[in-house]
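Colleague: Structure file structure-v9.pdb (PDB, C-alpha atoms, pLDDT in the B column) right here:
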```
ATOM      1  CA  MET A  21       0.000   0.000   0.000  1.00 96.00           C
ATOM      2  CA  TYR A  22       1.179   3.522  -0.768  1.00 98.00           C
ATOM      3  CA  THR A  23       2.299   5.909   1.960  1.00 98.00           C
ATOM      4  CA  LEU A  24       1.685   9.573   1.170  1.00 98.00           C
ATOM      5  CA  HIS A  25       3.575  12.230   3.113  1.00 98.00           C
ATOM      6  CA  ILE A  26       1.779  15.568   3.275  1.00 98.00           C
ATOM      7  CA  ALA A  27       1.772  18.786   5.321  1.00 98.00           C
ATOM      8  CA  ASN A  28      -0.998  20.891   6.894  1.00 98.00           C
ATOM      9  CA  LYS A  29      -4.289  20.409   5.090  1.00 98.00           C
ATOM     10  CA  ASN A  30      -5.223  24.018   5.774  1.00 98.00           C
ATOM     11  CA  TYR A  31      -2.247  25.329   3.796  1.00 98.00           C
ATOM     12  CA  SER A  32      -0.691  22.692   1.557  1.00 98.00           C
ATOM     13  CA  SER A  33      -2.108  22.874  -1.948  1.00 98.00           C
ATOM     14  CA  TRP A  34       0.587  20.587  -3.340  1.00 98.00           C
ATOM     15  CA  SER A  35      -0.300  17.901  -0.777  1.00 98.00           C
ATOM     16  CA  LEU A  36      -3.968  18.117  -1.667  1.00 98.00           C
ATOM     17  CA  ARG A  37      -3.534  17.017  -5.277  1.00 98.00           C
ATOM     18  CA  PRO A  38      -2.310  13.404  -4.843  1.00 98.00           C
ATOM     19  CA  TRP A  39      -4.292  12.997  -1.613  1.00 99.00           C
ATOM     20  CA  LEU A  40      -7.553  13.883  -3.359  1.00 99.00           C
ATOM     21  CA  LEU A  41      -6.687  11.786  -6.399  1.00 98.00           C
ATOM     22  CA  LEU A  42      -6.105   8.688  -4.291  1.00 98.00           C
ATOM     23  CA  THR A  43      -9.149   9.383  -2.134  1.00 98.00           C
ATOM     24  CA  GLU A  44     -11.636  10.005  -4.941  1.00 98.00           C
ATOM     25  CA  LEU A  45     -10.430   7.004  -6.968  1.00 98.00           C
ATOM     26  CA  ASN A  46     -10.653   4.771  -3.879  1.00 98.00           C
ATOM     27  CA  ILE A  47      -6.998   3.773  -4.085  1.00 98.00           C
ATOM     28  CA  PRO A  48      -5.793   2.612  -0.645  1.00 98.00           C
ATOM     29  CA  PHE A  49      -3.003   4.624   0.982  1.00 98.00           C
ATOM     30  CA  LYS A  50      -1.611   5.564   4.364  1.00 98.00           C
ATOM     31  CA  GLU A  51      -1.489   9.285   5.160  1.00 98.00           C
ATOM     32  CA  VAL A  52       1.434  10.720   7.146  1.00 98.00           C
ATOM     33  CA  LEU A  53       1.098  14.414   8.015  1.00 98.00           C
ATOM     34  CA  THR A  54       4.078  16.472   9.159  1.00 98.00           C
ATOM     35  CA  PRO A  55       3.112  20.076  10.022  1.00 98.00           C
ATOM     36  CA  PHE A  56       5.025  23.017   8.600  1.00 97.00           C
ATOM     37  CA  SER A  57       7.634  24.422  10.965  1.00 94.00           C
ATOM     38  CA  GLN A  58       8.101  28.144  11.440  1.00 89.00           C
ATOM     39  CA  GLY A  59      10.474  29.506   8.817  1.00 85.00           C
ATOM     40  CA  THR A  60      11.528  26.292   7.067  1.00 90.00           C
ATOM     41  CA  SER A  61      10.499  22.646   7.215  1.00 95.00           C
ATOM     42  CA  TRP A  62      13.415  21.432   5.110  1.00 92.00           C
ATOM     43  CA  ALA A  63      15.094  19.370   7.837  1.00 94.00           C
ATOM     44  CA  GLU A  64      11.878  17.616   8.925  1.00 95.00           C
ATOM     45  CA  PHE A  65      10.717  16.941   5.385  1.00 97.00           C
ATOM     46  CA  ARG A  66      14.166  15.655   4.374  1.00 96.00           C
ATOM     47  CA  GLU A  67      13.452  12.695   6.660  1.00 95.00           C
ATOM     48  CA  PHE A  68      11.101  11.334   3.996  1.00 97.00           C
ATOM     49  CA  CYS A  69      11.767  13.364   0.826  1.00 97.00           C
ATOM     50  CA  PRO A  70      15.107  14.199  -0.853  1.00 96.00           C
ATOM     51  CA  THR A  71      13.929  17.709  -1.820  1.00 97.00           C
ATOM     52  CA  GLY A  72      12.703  18.579   1.665  1.00 97.00           C
ATOM     53  CA  LEU A  73       9.259  19.292   0.206  1.00 97.00           C
ATOM     54  CA  VAL A  74       5.771  17.752   0.207  1.00 98.00           C
ATOM     55  CA  PRO A  75       4.144  15.671  -1.100  1.00 98.00           C
ATOM     56  CA  CYS A  76       6.190  12.500  -1.305  1.00 98.00           C
ATOM     57  CA  LEU A  77       4.902   8.999  -2.076  1.00 98.00           C
ATOM     58  CA  LEU A  78       6.487   5.797  -0.801  1.00 98.00           C
ATOM     59  CA  ASP A  79       5.719   2.451  -2.411  1.00 98.00           C
ATOM     60  CA  GLY A  80       7.841  -0.163  -0.725  1.00 97.00           C
ATOM     61  CA  ASP A  81      11.420   0.951  -1.371  1.00 96.00           C
ATOM     62  CA  THR A  82      10.346   3.266  -4.211  1.00 98.00           C
ATOM     63  CA  GLN A  83      10.300   6.976  -3.389  1.00 98.00           C
ATOM     64  CA  VAL A  84       8.417   9.390  -5.659  1.00 98.00           C
ATOM     65  CA  TRP A  85       8.398  13.147  -5.096  1.00 98.00           C
ATOM     66  CA  ASP A  86       6.623  16.050  -6.825  1.00 97.00           C
ATOM     67  CA  SER A  87       2.860  15.929  -7.314  1.00 98.00           C
ATOM     68  CA  LEU A  88       3.036  15.405 -11.076  1.00 98.00           C
ATOM     69  CA  ALA A  89       5.554  12.562 -10.808  1.00 98.00           C
ATOM     70  CA  ILE A  90       3.400  10.965  -8.112  1.00 98.00           C
ATOM     71  CA  THR A  91       0.354  11.203 -10.370  1.00 98.00           C
ATOM     72  CA  GLU A  92       2.114   9.513 -13.275  1.00 98.00           C
ATOM     73  CA  TYR A  93       3.507   6.803 -10.994  1.00 98.00           C
ATOM     74  CA  ILE A  94       0.042   5.996  -9.646  1.00 98.00           C
ATOM     75  CA  ALA A  95      -1.347   5.965 -13.207  1.00 98.00           C
ATOM     76  CA  GLU A  96       0.971   3.108 -14.165  1.00 98.00           C
ATOM     77  CA  ASP A  97      -1.042   0.770 -11.928  1.00 98.00           C
ATOM     78  CA  HIS A  98      -4.343   2.689 -12.011  1.00 98.00           C
ATOM     79  CA  PRO A  99      -5.284   3.819 -15.544  1.00 98.00           C
ATOM     80  CA  SER A 100      -8.402   5.567 -14.187  1.00 98.00           C
ATOM     81  CA  VAL A 101      -6.083   8.415 -13.129  1.00 98.00           C
ATOM     82  CA  TRP A 102      -6.392   9.777 -16.691  1.00 98.00           C
ATOM     83  CA  PRO A 103      -9.330   9.812 -19.159  1.00 98.00           C
ATOM     84  CA  GLU A 104      -9.761   6.743 -21.348  1.00 98.00           C
ATOM     85  CA  ASP A 105     -10.117   8.713 -24.586  1.00 98.00           C
ATOM     86  CA  LYS A 106      -6.740   9.619 -26.140  1.00 98.00           C
ATOM     87  CA  LYS A 107      -7.744  13.162 -27.098  1.00 98.00           C
ATOM     88  CA  ALA A 108      -9.254  13.837 -23.681  1.00 98.00           C
ATOM     89  CA  ARG A 109      -6.152  12.377 -22.062  1.00 98.00           C
ATOM     90  CA  ALA A 110      -3.885  14.660 -24.102  1.00 98.00           C
ATOM     91  CA  TRP A 111      -5.945  17.705 -23.124  1.00 98.00           C
ATOM     92  CA  ALA A 112      -5.965  16.635 -19.476  1.00 98.00           C
ATOM     93  CA  ARG A 113      -2.199  16.175 -19.398  1.00 98.00           C
ATOM     94  CA  SER A 114      -1.645  19.550 -21.045  1.00 98.00           C
ATOM     95  CA  ALA A 115      -3.974  21.350 -18.619  1.00 98.00           C
ATOM     96  CA  THR A 116      -2.411  19.544 -15.664  1.00 98.00           C
ATOM     97  CA  ALA A 117       1.089  20.536 -16.759  1.00 98.00           C
ATOM     98  CA  GLU A 118      -0.057  24.136 -17.239  1.00 98.00           C
ATOM     99  CA  MET A 119      -1.394  24.204 -13.678  1.00 98.00           C
ATOM    100  CA  HIS A 120       1.739  22.520 -12.353  1.00 98.00           C
ATOM    101  CA  SER A 121       4.087  25.111 -13.861  1.00 97.00           C
ATOM    102  CA  GLY A 122       1.916  28.200 -14.227  1.00 98.00           C
ATOM    103  CA  PHE A 123      -0.780  30.396 -12.664  1.00 98.00           C
ATOM    104  CA  ASN A 124       1.863  32.010 -10.450  1.00 98.00           C
ATOM    105  CA  ALA A 125      -0.235  35.036  -9.529  1.00 98.00           C
ATOM    106  CA  ILE A 126      -2.980  32.806  -8.124  1.00 98.00           C
ATOM    107  CA  ARG A 127      -0.397  30.895  -6.090  1.00 97.00           C
ATOM    108  CA  ASN A 128       1.488  33.959  -4.863  1.00 97.00           C
ATOM    109  CA  GLU A 129      -1.401  36.336  -4.207  1.00 98.00           C
ATOM    110  CA  CYS A 130      -4.003  33.850  -2.969  1.00 98.00           C
ATOM    111  CA  SER A 131      -2.224  31.604  -0.489  1.00 98.00           C
ATOM    112  CA  MET A 132      -4.348  28.533   0.274  1.00 98.00           C
ATOM    113  CA  ASN A 133      -6.128  28.648   3.622  1.00 98.00           C
ATOM    114  CA  CYS A 134      -9.275  26.511   3.732  1.00 97.00           C
ATOM    115  CA  ALA A 135     -10.440  27.912   7.072  1.00 98.00           C
ATOM    116  CA  LEU A 136     -10.628  31.594   6.149  1.00 98.00           C
ATOM    117  CA  ARG A 137     -12.768  33.953   4.107  1.00 98.00           C
ATOM    118  CA  VAL A 138     -10.900  37.017   2.893  1.00 98.00           C
ATOM    119  CA  ASP A 139     -11.862  40.339   1.328  1.00 98.00           C
ATOM    120  CA  MET A 140      -8.959  41.035  -1.048  1.00 98.00           C
ATOM    121  CA  HIS A 141      -7.323  44.454  -1.081  1.00 98.00           C
ATOM    122  CA  ALA A 142      -7.119  44.410  -4.888  1.00 97.00           C
ATOM    123  CA  ILE A 143      -7.007  42.184  -7.960  1.00 98.00           C
ATOM    124  CA  SER A 144      -3.628  42.793  -9.572  1.00 98.00           C
ATOM    125  CA  PRO A 145      -3.197  42.800 -13.371  1.00 98.00           C
ATOM    126  CA  ALA A 146      -1.227  39.542 -13.120  1.00 98.00           C
ATOM    127  CA  LEU A 147      -3.975  37.881 -11.080  1.00 98.00           C
ATOM    128  CA  LYS A 148      -6.644  39.183 -13.448  1.00 98.00           C
ATOM    129  CA  LYS A 149      -4.708  37.636 -16.355  1.00 98.00           C
ATOM    130  CA  ASN A 150      -4.443  34.296 -14.530  1.00 98.00           C
ATOM    131  CA  LEU A 151      -8.167  34.277 -13.775  1.00 98.00           C
ATOM    132  CA  ALA A 152      -9.034  35.026 -17.391  1.00 98.00           C
ATOM    133  CA  ARG A 153      -6.882  32.110 -18.547  1.00 98.00           C
ATOM    134  CA  LEU A 154      -8.414  29.879 -15.890  1.00 98.00           C
ATOM    135  CA  ASP A 155     -11.892  30.759 -17.120  1.00 98.00           C
ATOM    136  CA  GLU A 156     -10.851  30.094 -20.703  1.00 98.00           C
ATOM    137  CA  LEU A 157      -9.243  26.741 -19.908  1.00 98.00           C
ATOM    138  CA  TRP A 158     -12.052  25.432 -17.724  1.00 98.00           C
ATOM    139  CA  SER A 159     -14.722  26.532 -20.206  1.00 98.00           C
ATOM    140  CA  GLU A 160     -12.868  24.757 -22.996  1.00 98.00           C
ATOM    141  CA  GLY A 161     -12.705  21.476 -21.099  1.00 98.00           C
ATOM    142  CA  LEU A 162     -16.261  21.582 -19.787  1.00 98.00           C
ATOM    143  CA  ASN A 163     -17.746  22.507 -23.182  1.00 98.00           C
ATOM    144  CA  ARG A 164     -15.597  20.124 -25.187  1.00 98.00           C
ATOM    145  CA  PHE A 165     -16.055  17.054 -22.992  1.00 98.00           C
ATOM    146  CA  GLY A 166     -19.491  17.720 -21.511  1.00 98.00           C
ATOM    147  CA  GLY A 167     -18.702  18.102 -17.794  1.00 98.00           C
ATOM    148  CA  PRO A 168     -19.321  18.121 -14.912  1.00 98.00           C
ATOM    149  CA  PHE A 169     -15.561  17.458 -14.600  1.00 98.00           C
ATOM    150  CA  LEU A 170     -12.969  18.902 -16.950  1.00 98.00           C
ATOM    151  CA  THR A 171     -12.773  15.877 -19.235  1.00 98.00           C
ATOM    152  CA  GLY A 172     -16.282  14.524 -18.837  1.00 98.00           C
ATOM    153  CA  GLU A 173     -18.389  12.641 -16.334  1.00 98.00           C
ATOM    154  CA  ARG A 174     -15.506  11.183 -14.333  1.00 98.00           C
ATOM    155  CA  PHE A 175     -13.083  12.810 -11.885  1.00 98.00           C
ATOM    156  CA  THR A 176      -9.456  12.442 -13.040  1.00 98.00           C
ATOM    157  CA  ALA A 177      -6.008  13.850 -12.299  1.00 99.00           C
ATOM    158  CA  VAL A 178      -6.657  17.155 -14.061  1.00 99.00           C
ATOM    159  CA  ASP A 179      -9.480  17.882 -11.608  1.00 99.00           C
ATOM    160  CA  ALA A 180      -7.221  16.990  -8.684  1.00 99.00           C
ATOM    161  CA  PHE A 181      -4.656  19.513  -9.871  1.00 98.00           C
ATOM    162  CA  PHE A 182      -7.210  22.321  -9.960  1.00 98.00           C
ATOM    163  CA  ALA A 183      -8.791  21.384  -6.620  1.00 98.00           C
ATOM    164  CA  PRO A 184      -6.613  23.867  -4.649  1.00 98.00           C
ATOM    165  CA  VAL A 185      -7.905  26.637  -6.919  1.00 98.00           C
ATOM    166  CA  ALA A 186     -11.441  25.772  -5.830  1.00 98.00           C
ATOM    167  CA  PHE A 187     -10.454  26.371  -2.206  1.00 98.00           C
ATOM    168  CA  ARG A 188      -8.704  29.605  -3.154  1.00 98.00           C
ATOM    169  CA  ALA A 189     -11.760  30.800  -5.073  1.00 98.00           C
ATOM    170  CA  GLN A 190     -13.895  30.065  -2.011  1.00 98.00           C
ATOM    171  CA  THR A 191     -11.526  31.798   0.405  1.00 98.00           C
ATOM    172  CA  TYR A 192     -10.947  34.959  -1.634  1.00 98.00           C
ATOM    173  CA  ASP A 193     -14.268  35.092  -3.544  1.00 98.00           C
ATOM    174  CA  LEU A 194     -12.369  35.313  -6.817  1.00 98.00           C
ATOM    175  CA  PRO A 195     -14.206  36.930  -9.746  1.00 98.00           C
ATOM    176  CA  LEU A 196     -14.882  34.101 -12.195  1.00 98.00           C
ATOM    177  CA  SER A 197     -17.550  33.266 -14.762  1.00 98.00           C
ATOM    178  CA  ASN A 198     -20.695  31.348 -13.888  1.00 98.00           C
ATOM    179  CA  VAL A 199     -19.313  28.341 -15.778  1.00 98.00           C
ATOM    180  CA  ALA A 200     -16.180  28.390 -13.625  1.00 98.00           C
ATOM    181  CA  LYS A 201     -18.207  28.872 -10.444  1.00 98.00           C
ATOM    182  CA  ARG A 202     -20.331  25.806 -11.228  1.00 98.00           C
ATOM    183  CA  TYR A 203     -17.170  23.761 -11.715  1.00 98.00           C
ATOM    184  CA  ILE A 204     -15.849  25.036  -8.389  1.00 98.00           C
ATOM    185  CA  GLU A 205     -19.095  23.925  -6.739  1.00 98.00           C
ATOM    186  CA  THR A 206     -18.646  20.488  -8.325  1.00 98.00           C
ATOM    187  CA  LEU A 207     -15.170  20.185  -6.822  1.00 98.00           C
ATOM    188  CA  LEU A 208     -16.173  21.508  -3.403  1.00 98.00           C
ATOM    189  CA  SER A 209     -19.047  19.001  -3.242  1.00 98.00           C
ATOM    190  CA  LEU A 210     -16.678  16.020  -3.502  1.00 98.00           C
ATOM    191  CA  GLU A 211     -16.528  13.968  -0.315  1.00 98.00           C
ATOM    192  CA  GLY A 212     -12.745  14.119  -0.382  1.00 98.00           C
ATOM    193  CA  MET A 213     -12.772  17.918  -0.581  1.00 98.00           C
ATOM    194  CA  LYS A 214     -15.234  18.135   2.307  1.00 98.00           C
ATOM    195  CA  GLN A 215     -13.062  15.856   4.426  1.00 98.00           C
ATOM    196  CA  TRP A 216      -9.876  17.777   3.588  1.00 98.00           C
ATOM    197  CA  GLN A 217     -11.496  21.079   4.540  1.00 98.00           C
ATOM    198  CA  THR A 218     -12.948  19.651   7.772  1.00 98.00           C
ATOM    199  CA  ASP A 219      -9.537  18.277   8.730  1.00 98.00           C
ATOM    200  CA  GLY A 220      -7.824  21.544   7.833  1.00 98.00           C
ATOM    201  CA  ILE A 221     -10.180  23.641   9.950  1.00 98.00           C
ATOM    202  CA  ALA A 222      -9.659  21.273  12.900  1.00 98.00           C
ATOM    203  CA  GLU A 223      -5.852  21.469  12.786  1.00 98.00           C
ATOM    204  CA  PRO A 224      -4.329  23.119  15.875  1.00 96.00           C
ATOM    205  CA  TRP A 225      -1.223  24.429  14.123  1.00 95.00           C
ATOM    206  CA  ARG A 226      -0.626  27.999  12.906  1.00 96.00           C
ATOM    207  CA  GLU A 227       2.372  28.741  10.711  1.00 96.00           C
ATOM    208  CA  PRO A 228       3.178  32.497  10.793  1.00 96.00           C
ATOM    209  CA  GLY A 229       4.496  32.676   7.234  1.00 96.00           C
ATOM    210  CA  HIS A 230       1.320  31.243   5.712  1.00 97.00           C
ATOM    211  CA  GLU A 231      -0.845  33.402   7.957  1.00 97.00           C
ATOM    212  CA  GLU A 232       1.049  36.542   6.935  1.00 97.00           C
ATOM    213  CA  GLU A 233       0.566  35.758   3.247  1.00 97.00           C
ATOM    214  CA  VAL A 234      -3.195  35.951   3.765  1.00 98.00           C
ATOM    215  CA  LEU A 235      -2.965  39.285   5.572  1.00 98.00           C
ATOM    216  CA  GLN A 236      -0.937  40.701   2.696  1.00 97.00           C
ATOM    217  CA  ALA A 237      -3.706  39.708   0.301  1.00 98.00           C
ATOM    218  CA  GLY A 238      -6.687  41.119   2.163  1.00 98.00           C
ATOM    219  CA  THR A 239      -8.802  41.440   5.281  1.00 98.00           C
ATOM    220  CA  ILE A 240      -9.992  38.316   7.074  1.00 98.00           C
ATOM    221  CA  VAL A 241     -13.775  38.427   7.408  1.00 98.00           C
ATOM    222  CA  LYS A 242     -14.318  34.871   8.718  1.00 98.00           C
ATOM    223  CA  ASP A 243     -12.099  32.364  10.494  1.00 98.00           C
ATOM    224  CA  TYR A 244     -13.740  28.958  11.010  1.00 98.00           C
ATOM    225  CA  ARG A 245     -10.927  27.614  13.201  1.00 96.00           C
ATOM    226  CA  ALA A 246     -11.306  27.207  16.932  1.00 87.00           C
ATOM    227  CA  SER A 247      -9.511  29.838  18.999  1.00 76.00           C
TER     228      SER A 247
END
```
For the file at hand, write its structure as C-alpha cells.
Modeller:
Amino acid sequence: MYTLHIANKNYSSWSLRPWLLLTELNIPFKEVLTPFSQGTSWAEFREFCPTGLVPCLLDGDTQVWDSLAITEYIAEDHPSVWPEDKKARAWARSATAEMHSGFNAIRNECSMNCALRVDMHAISPALKKNLARLDELWSEGLNRFGGPFLTGERFTAVDAFFAPVAFRAQTYDLPLSNVAKRYIETLLSLEGMKQWQTDGIAEPWREPGHEEEVLQAGTIVKDYRAS
C-alpha cells in the first residue's frame, strides 16, 4: 500500500492534489502528516523526501516526489487516473502541466487557507490575467467534454490539480464566470474535498508565514478555526 507524506491540510495545496486523487479514486493509501515548521520545514521533510518538500509517495522501497511525478507513478497501476479517450487524455495532461508550472499570480497572491474567508485588497493585473486564462481553460474542457468534470463525467487527475484553486476561489471570492463557479461547486461538493477542509479547519497548528501571506492579500472576514 502507498504511503503519502503531506503537510498541513489548511495550507498545503501541493499535498492536496495526490491525496484527493487517491481518495476520490478509492486507491488505498496511508497518510502521514508532518506540520510546517516556522520559517523552514526542510530538515523535517528531508526525513522522507530528498527535496525537503511535500508531497512524497512511498511504495515499498520506491520513493516518488513532486505531485506530477506521483500522479504519473500511480497511473501506471491505475489507468483511471487519466481519461480513457486519447484526445481527452492529451488535453488533461496539457492542462495539468499548465497548472503545475503556471498560474503564479494565483499561487502567490491567494495563499491557500481553507479555514478563512478574505476580502482582497485588490485584484492585480497579473492575477486578473491568470483568472481570465483559468476561465478560458475550464470553459474549454467543460464545453468540449461535456462536464461536470474537466474531461467529462468522471473525476481524473486534471481535476485533482485544480482542486486547490477551488479552495482559493472560495476563500478569496475570486471573480470568475458562472461556468467556472459551477465547476468550483462540483469540486467543493466532492466527499474528499469536504473531508480535507474539515480536517484543515480542525488542525491546531498555525504557521506564521502562511498566515502573513493571507494578511498581505486582504482582510480576514471569517475564520472557522477554533480559537
Colleague: Counting all atoms listed in the file, figure out which residue out of A:Met132, A:Ile143, A:Ile26, A:Leu162 gets nearest to A:Gly229.
Modeller: A:Met132
Colleague: Mind checking which residues fall within 9 Å of A:Ile90, counting all atoms listed in the file, ignoring those fewer than 3 positions away in the same chain, and posting them as a JSON list (two decimals) with C-alpha atoms, in the coordinates of the input?
Modeller:
```json
[["chain", "number", "residue", "atom", "x", "y", "z"],
["A", 38, "PRO", "CA", -2.31, 13.40, -4.84],
["A", 75, "PRO", "CA", 4.14, 15.67, -1.10],
["A", 76, "CYS", "CA", 6.19, 12.50, -1.30],
["A", 77, "LEU", "CA", 4.90, 9.00, -2.08],
["A", 84, "VAL", "CA", 8.42, 9.39, -5.66],
["A", 85, "TRP", "CA", 8.40, 13.15, -5.10],
["A", 86, "ASP", "CA", 6.62, 16.05, -6.82],
["A", 87, "SER", "CA", 2.86, 15.93, -7.31],
["A", 93, "TYR", "CA", 3.51, 6.80, -10.99],
["A", 94, "ILE", "CA", 0.04, 6.00, -9.65],
["A", 95, "ALA", "CA", -1.35, 5.96, -13.21]]
```
Colleague: Here is a test: counting all atoms listed in the file, which residue of A:Thr116, A:Thr71, A:Gln83, A:Thr91 is nearest to A:Leu170?
Modeller: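 Closest to A:Leu170, using all atoms listed in the file: A:Thr116.
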Colleague: Residues picked by the PyMOL selection byres ((chain A and resi 142) around 12) here, as a PDB file with C-alpha atoms, keeping the file's coordinate frame?
Modeller:
```
ATOM      1  CA  GLU A 129      -1.401  36.336  -4.207  1.00 98.00           C
ATOM      2  CA  CYS A 130      -4.003  33.850  -2.969  1.00 98.00           C
ATOM      3  CA  VAL A 138     -10.900  37.017   2.893  1.00 98.00           C
ATOM      4  CA  ASP A 139     -11.862  40.339   1.328  1.00 98.00           C
ATOM      5  CA  MET A 140      -8.959  41.035  -1.048  1.00 98.00           C
ATOM      6  CA  HIS A 141      -7.323  44.454  -1.081  1.00 98.00           C
ATOM      7  CA  ILE A 143      -7.007  42.184  -7.960  1.00 98.00           C
ATOM      8  CA  SER A 144      -3.628  42.793  -9.572  1.00 98.00           C
ATOM      9  CA  PRO A 145      -3.197  42.800 -13.371  1.00 98.00           C
ATOM     10  CA  ALA A 146      -1.227  39.542 -13.120  1.00 98.00           C
ATOM     11  CA  LEU A 147      -3.975  37.881 -11.080  1.00 98.00           C
ATOM     12  CA  LYS A 148      -6.644  39.183 -13.448  1.00 98.00           C
ATOM     13  CA  TYR A 192     -10.947  34.959  -1.634  1.00 98.00           C
ATOM     14  CA  ASP A 193     -14.268  35.092  -3.544  1.00 98.00           C
ATOM     15  CA  LEU A 194     -12.369  35.313  -6.817  1.00 98.00           C
ATOM     16  CA  PRO A 195     -14.206  36.930  -9.746  1.00 98.00           C
ATOM     17  CA  GLN A 236      -0.937  40.701   2.696  1.00 97.00           C
ATOM     18  CA  ALA A 237      -3.706  39.708   0.301  1.00 98.00           C
ATOM     19  CA  GLY A 238      -6.687  41.119   2.163  1.00 98.00           C
ATOM     20  CA  THR A 239      -8.802  41.440   5.281  1.00 98.00           C
TER      21      THR A 239
END
```
Colleague: Which residues fall under the PyMOL selection byres ((chain A and resi 208) around 12) in this file, as a count of residues only?
Modeller: 32
Colleague: What are the closest atom pairs, with distances in Å to one decimal, for all residues of stretch 67-138 of chain A lying within 12 Å of stretch 152-156 of chain A? Consider all atoms listed in the file, order rows by chain and residue number, and present the result as CSV.
Modeller:
```
residue,atom,partner,partner_atom,distance
A:Ala115,CA,A:Leu154,CA,10.0
A:Thr116,CA,A:Leu154,CA,12.0
A:Glu118,CA,A:Leu154,CA,10.2
A:Met119,CA,A:Leu154,CA,9.3
A:Gly122,CA,A:Arg153,CA,10.6
A:Phe123,CA,A:Leu154,CA,8.3
A:Asn124,CA,A:Leu154,CA,11.8
A:Ala125,CA,A:Leu154,CA,11.6
A:Ile126,CA,A:Leu154,CA,9.9
```
Colleague: Might you pull out every residue within 8 Å of A:Lys242, with all atoms listed in the file counted and same-chain residues fewer than 2 positions away left off, and present them as a ChimeraX atom specification?
Modeller: /A:136-138,240,244
Colleague: Considering all atoms listed in the file, can you say which of A:Leu88, A:Leu157, A:Ala135, A:Ala63 comes closest to A:Val234?
Modeller: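 Smallest separation from A:Val234 among the options: A:Ala135.
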Colleague: Could you state which residues are captured by the PyMOL selection byres ((chain A and resi 23) around 9) in this file, as a list in words?
Modeller: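 So the PyMOL selection byres ((chain A and resi 23) around 9), applied here, picks out Met21, Tyr22, Leu24, His25, Phe49, Lys50, Glu51, Val52, Cys76, Leu77, Leu78, Asp79 and Gly80 of chain A.
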Colleague: Suppose you want the space between atom CA of A:Asp219 and atom CA of A:Arg245; what is it in Å?
Modeller: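 Result for atom CA of A:Asp219 versus atom CA of A:Arg245: 10.4 Å, one decimal.
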Colleague: Padding 5 Å on every side, please: axis-aligned box over the listed atoms of stretch 108-123 of chain A, centre and edge lengths to one decimal in Å, as lines of an AutoDock Vina configuration file.
Modeller:
```
center_x = -2.6
center_y = 21.4
center_z = -18.2
size_x = 23.3
size_y = 28.0
size_z = 21.7
```
Colleague: So how far away is atom CA of A:Ser32 from atom CA of A:Ala108, in Å?
Modeller: 28.1 Å
Colleague: State, in Å with one decimal place, the distance from atom CA of A:Ala112 to atom CA of A:Gly161.
Modeller: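 Taking atom CA of A:Ala112 and atom CA of A:Gly161, their separation equals 8.5 Å.
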Colleague: For A:Glu227, which of A:Ser114, A:Asn133, A:Thr82, A:Thr176 is the closest residue, counting only C-alpha atoms?
Modeller: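 Looking only at the distances to A:Glu227, the closest residue turns out to be A:Asn133.
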Colleague: Name all residues at most 9 Å from A:Trp225 (count all atoms listed in the file; drop same-chain ones fewer than 4 positions away) and give them as a count of residues only.
Modeller: 3
Colleague: Give as a list in words the set of residues within 9 Å of the point (-9.6, 11.0, -9.4), where distances use the file's coordinates and all atoms listed in the file.
Modeller: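 Selection result: Pro38, Leu40, Leu41, Leu42, Thr43, Glu44, Leu45, Asn46, Ser100, Val101, Trp102, Arg174, Phe175, Thr176, Ala177, Val178, Asp179 and Ala180 of chain A.
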Colleague: Take the residues that were just selected and, keeping C-alpha atoms, output them as a CSV table (one decimal), in the frame of the given file.
Modeller:
```
chain,number,residue,atom,x,y,z
A,38,PRO,CA,-2.3,13.4,-4.8
A,40,LEU,CA,-7.6,13.9,-3.4
A,41,LEU,CA,-6.7,11.8,-6.4
A,42,LEU,CA,-6.1,8.7,-4.3
A,43,THR,CA,-9.1,9.4,-2.1
A,44,GLU,CA,-11.6,10.0,-4.9
A,45,LEU,CA,-10.4,7.0,-7.0
A,46,ASN,CA,-10.7,4.8,-3.9
A,100,SER,CA,-8.4,5.6,-14.2
A,101,VAL,CA,-6.1,8.4,-13.1
A,102,TRP,CA,-6.4,9.8,-16.7
A,174,ARG,CA,-15.5,11.2,-14.3
A,175,PHE,CA,-13.1,12.8,-11.9
A,176,THR,CA,-9.5,12.4,-13.0
A,177,ALA,CA,-6.0,13.8,-12.3
A,178,VAL,CA,-6.7,17.2,-14.1
A,179,ASP,CA,-9.5,17.9,-11.6
A,180,ALA,CA,-7.2,17.0,-8.7
```
Colleague: Between A:Ile47, A:Ala110, A:Ala89, A:Val241, which one has atoms that come closest to A:Thr171, using all atoms listed in the file?
Modeller: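 Counting all atoms listed in the file, the residue closest to A:Thr171 is A:Ala110.
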Colleague: Quick one: of A:Gly59, A:Asn198, A:Trp111, A:Asn150, who's nearest to A:Arg127, counting all atoms listed in the file?
Modeller: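 The shortest atom-to-atom distance to A:Arg127 comes from A:Asn150.
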Colleague: Do a neighbour search on A:Ser247 at 12 Å with all atoms listed in the file, toss out local chain neighbours closer than 5 positions, and write the hits as a list in words.
Modeller: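 Within the cut-off, the hits are Ile221, Ala222, Glu223, Pro224, Trp225 and Arg226 of chain A.
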Colleague: Complete stretch 137-142 of chain A with N, CA and C atoms (output as a tab-separated table (two decimals), keeping the file's coordinate frame).
Modeller:
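Wrote result05.tsv, looks like this:
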```
chain	number	residue	atom	x	y	z
A	137	ARG	N	-12.12	33.22	5.19
A	137	ARG	CA	-12.77	33.95	4.11
A	137	ARG	C	-12.16	35.35	4.13
A	138	VAL	N	-11.72	35.82	2.96
A	138	VAL	CA	-10.90	37.02	2.89
A	138	VAL	C	-11.45	38.00	1.86
A	139	ASP	N	-11.51	39.25	2.24
A	139	ASP	CA	-11.86	40.34	1.33
A	139	ASP	C	-10.55	40.90	0.79
A	140	MET	N	-10.25	40.65	-0.48
A	140	MET	CA	-8.96	41.04	-1.05
A	140	MET	C	-8.83	42.55	-1.16
A	141	HIS	N	-7.60	43.03	-0.94
A	141	HIS	CA	-7.32	44.45	-1.08
A	141	HIS	C	-7.50	44.90	-2.53
A	142	ALA	N	-7.05	44.06	-3.46
A	142	ALA	CA	-7.12	44.41	-4.89
A	142	ALA	C	-6.87	43.17	-5.73
```
